[in-house]
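J.: Take this structure, written in structure tokens, and hold onto it; I'll ask about it next.
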Amino acid sequence: MFDNQVLGDQKLILDPVHDGRHRLRAEPKARESIPYLLNLPEHGIALFTYTWVNHASEAGAVMAVFGPGVGPQPIVEPLSDRPVPADMDFSDWRIGDFHLRQDLKFDRAQVRWKTAQVELDLRFEAFHPPYAYGSDARGCMPYVADDRIEQSGRAVGTLKIGERTITFDTTGHRDHSWGTRDWQVFQHYKWIHAQAGIDVSVHFWVVEALGRTEYRGYVHKEGRMALVTDVDFSFQYTGALDPQRWSATVTDADGRLTKLDAEVFARFQLYPDPAYCLNENAGAAVIDGKPGVAWLEIFFPEAYRRHIGEVGPY
């Protein structure tokens, strides 16, 4: 159970109602979504589950399991859009063999999914308060969502791949957004979450859009959670801007500096639109000298990636 007293700004305390489902406007791009992300570098495996629902109460989900511990090809299990009850909440969210239960208190959740190739049983327990972009004085960017929530926690459970069973007790991350997402507004972004045990969690999103650079996020360490104010980021890449390793120095509102270094071991590309690539990169990390895990989602237009892949590196 987390303690809101760790928040550097008590205005960031979030109403638990937002752990549940929201009423969406009847707009083509309006949707609500929740991913859970798990990073197991010792096994060479990363995975995410992702579920969504639109204003017409049509919902779907996907699970991707990838990395050298899986093999050269990722395991991708999609569940296409289908009608779901308008009153079905995330306290008991079921689509086919996918089952998500959130306690609607921002504290605990369980994700279960059984397919012919993979069986996941993930229990999540938050170790810091949720961070909502809308509670940040800078607000949630309107092309991103009405609001967006980020939260890390302890992740315990089992992952079965074929005849192999992996038991894990580590950290993970989830987010939750609702409203309009307009992918065509983004020029570039870097979305990162990282943890070193249950005492250190860092999230930041650096967005290039509309000729501006936006910073959002938090640093939770030393028993205090403060907003990100600046990020100095660099990465080394191969091919079409595929990160191999990256580093960041994060400044927060308390004036603290947090240093992150990560080595990517697993990669997966997502295309929310054929013109744009979300390059998902799971890695082993060191945060202020402590071992941990990190996830980098880096956004580029696909034409730009292909160009660099053809003529680069620069």
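Just remember, in the structure tokens the first chain shown is A, the second B, etc., residues are 1-based per chain, and ligands are 1-based in the order shown.
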Please report as a tab-separated table every residue of stretch 156-199 of chain A lying within 7 Å of stretch 208-225 of chain A, along with the nearest atom pair and their distance in Å (one decimal), using only C-alpha atoms.

T.:
```
residue	atom	partner	partner_atom	distance
A:Val185	CA	A:Ala209	CA	6.1
A:Phe186	CA	A:Ala209	CA	5.0
A:Gln187	CA	A:Ala209	CA	5.3
A:His188	CA	A:Glu208	CA	5.1
A:Tyr189	CA	A:Glu208	CA	5.8
A:Asp199	CA	A:Lys221	CA	5.8
```

J.: Save the residues we just selected, N, CA and C atoms, as a PDB file, in the first residue's frame?

T.:
```
ATOM      1  N   VAL A 185       0.001  14.348 -34.349  1.00  0.00           N
ATOM      2  CA  VAL A 185       0.541  15.574 -33.746  1.00  0.00           C
ATOM      3  C   VAL A 185       1.991  15.376 -33.299  1.00  0.00           C
ATOM      4  N   PHE A 186       2.337  14.155 -32.873  1.00  0.00           N
ATOM      5  CA  PHE A 186       3.693  13.906 -32.372  1.00  0.00           C
ATOM      6  C   PHE A 186       4.719  14.030 -33.500  1.00  0.00           C
ATOM      7  N   GLN A 187       5.837  14.677 -33.187  1.00  0.00           N
ATOM      8  CA  GLN A 187       6.996  14.653 -34.074  1.00  0.00           C
ATOM      9  C   GLN A 187       8.005  13.598 -33.592  1.00  0.00           C
ATOM     10  N   HIS A 188       8.153  13.504 -32.292  1.00  0.00           N
ATOM     11  CA  HIS A 188       9.090  12.549 -31.686  1.00  0.00           C
ATOM     12  C   HIS A 188       8.811  12.527 -30.190  1.00  0.00           C
ATOM     13  N   TYR A 189       9.024  11.356 -29.547  1.00  0.00           N
ATOM     14  CA  TYR A 189       8.991  11.344 -28.087  1.00  0.00           C
ATOM     15  C   TYR A 189       9.810  10.204 -27.535  1.00  0.00           C
ATOM     16  N   ASP A 199      11.995   0.898  -3.912  1.00  0.00           N
ATOM     17  CA  ASP A 199      12.271   2.193  -3.299  1.00  0.00           C
ATOM     18  C   ASP A 199      12.552   3.291  -4.306  1.00  0.00           C
TER      19      ASP A 199
END
```

J.: At a cut-off of 8 Å, using only C-alpha atoms, what residues contact A:Pro274? Leave out same-chain residues fewer than 3 positions from it and give the result as a VMD selection string.

T.: chain A and resid 271 277 302

J.: Please identify which residues in stretch 66-239 of chain A DSSP calls helix (DSSP H, G or I) from the backbone, and express them as a VMD selection string.

T.: chain A and resid 133 to 135 183 to 185

J.: Which polymer residues have any atom within 12 Å of an atom of A:Pro68, counting only C-alpha atoms, with same-chain residues fewer than 4 positions away left out, as a PyMOL selection string?

T.: chain A and resi 40-46+72-75+264-268+282

J.: At most 12 Å is the cut-off: for each residue in stretch 147-198 of chain A with any atom that close to an atom of stretch 237-249 of chain A, write down the nearest atom pair and the distance in Å rounded to one decimal, counting only C-alpha atoms, chain first then increasing number, as a tab-separated table.

T.:
```
residue	atom	partner	partner_atom	distance
A:Lys190	CA	A:Ala248	CA	11.0
A:Trp191	CA	A:Ala248	CA	11.9
A:Ile192	CA	A:Ala248	CA	10.1
A:His193	CA	A:Ala248	CA	11.6
A:Ala194	CA	A:Ala248	CA	11.1
```

J.: Convert the current residue selection to file output with N, CA, C and O atoms, as a compact mmCIF listing (two decimals), in the first residue's frame.

T.:
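So again-v1.txt came out as:
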```txt
# COMPACT_ATOMS: atom_id res chain seq x y z
N LYS A 190 10.10 10.33 -26.24
CA LYS A 190 10.76 9.29 -25.44
C LYS A 190 9.95 9.10 -24.18
O LYS A 190 9.84 10.02 -23.36
N TRP A 191 9.37 7.92 -24.03
CA TRP A 191 8.57 7.58 -22.85
C TRP A 191 9.34 6.50 -22.08
O TRP A 191 9.70 5.46 -22.67
N ILE A 192 9.60 6.75 -20.81
CA ILE A 192 10.46 5.84 -20.04
C ILE A 192 9.87 5.58 -18.67
O ILE A 192 9.33 6.48 -18.02
N HIS A 193 9.96 4.32 -18.24
CA HIS A 193 9.77 4.00 -16.83
C HIS A 193 10.94 3.13 -16.40
O HIS A 193 11.50 2.35 -17.19
N ALA A 194 11.34 3.27 -15.14
CA ALA A 194 12.47 2.50 -14.62
C ALA A 194 12.31 2.38 -13.11
O ALA A 194 11.79 3.27 -12.45
```
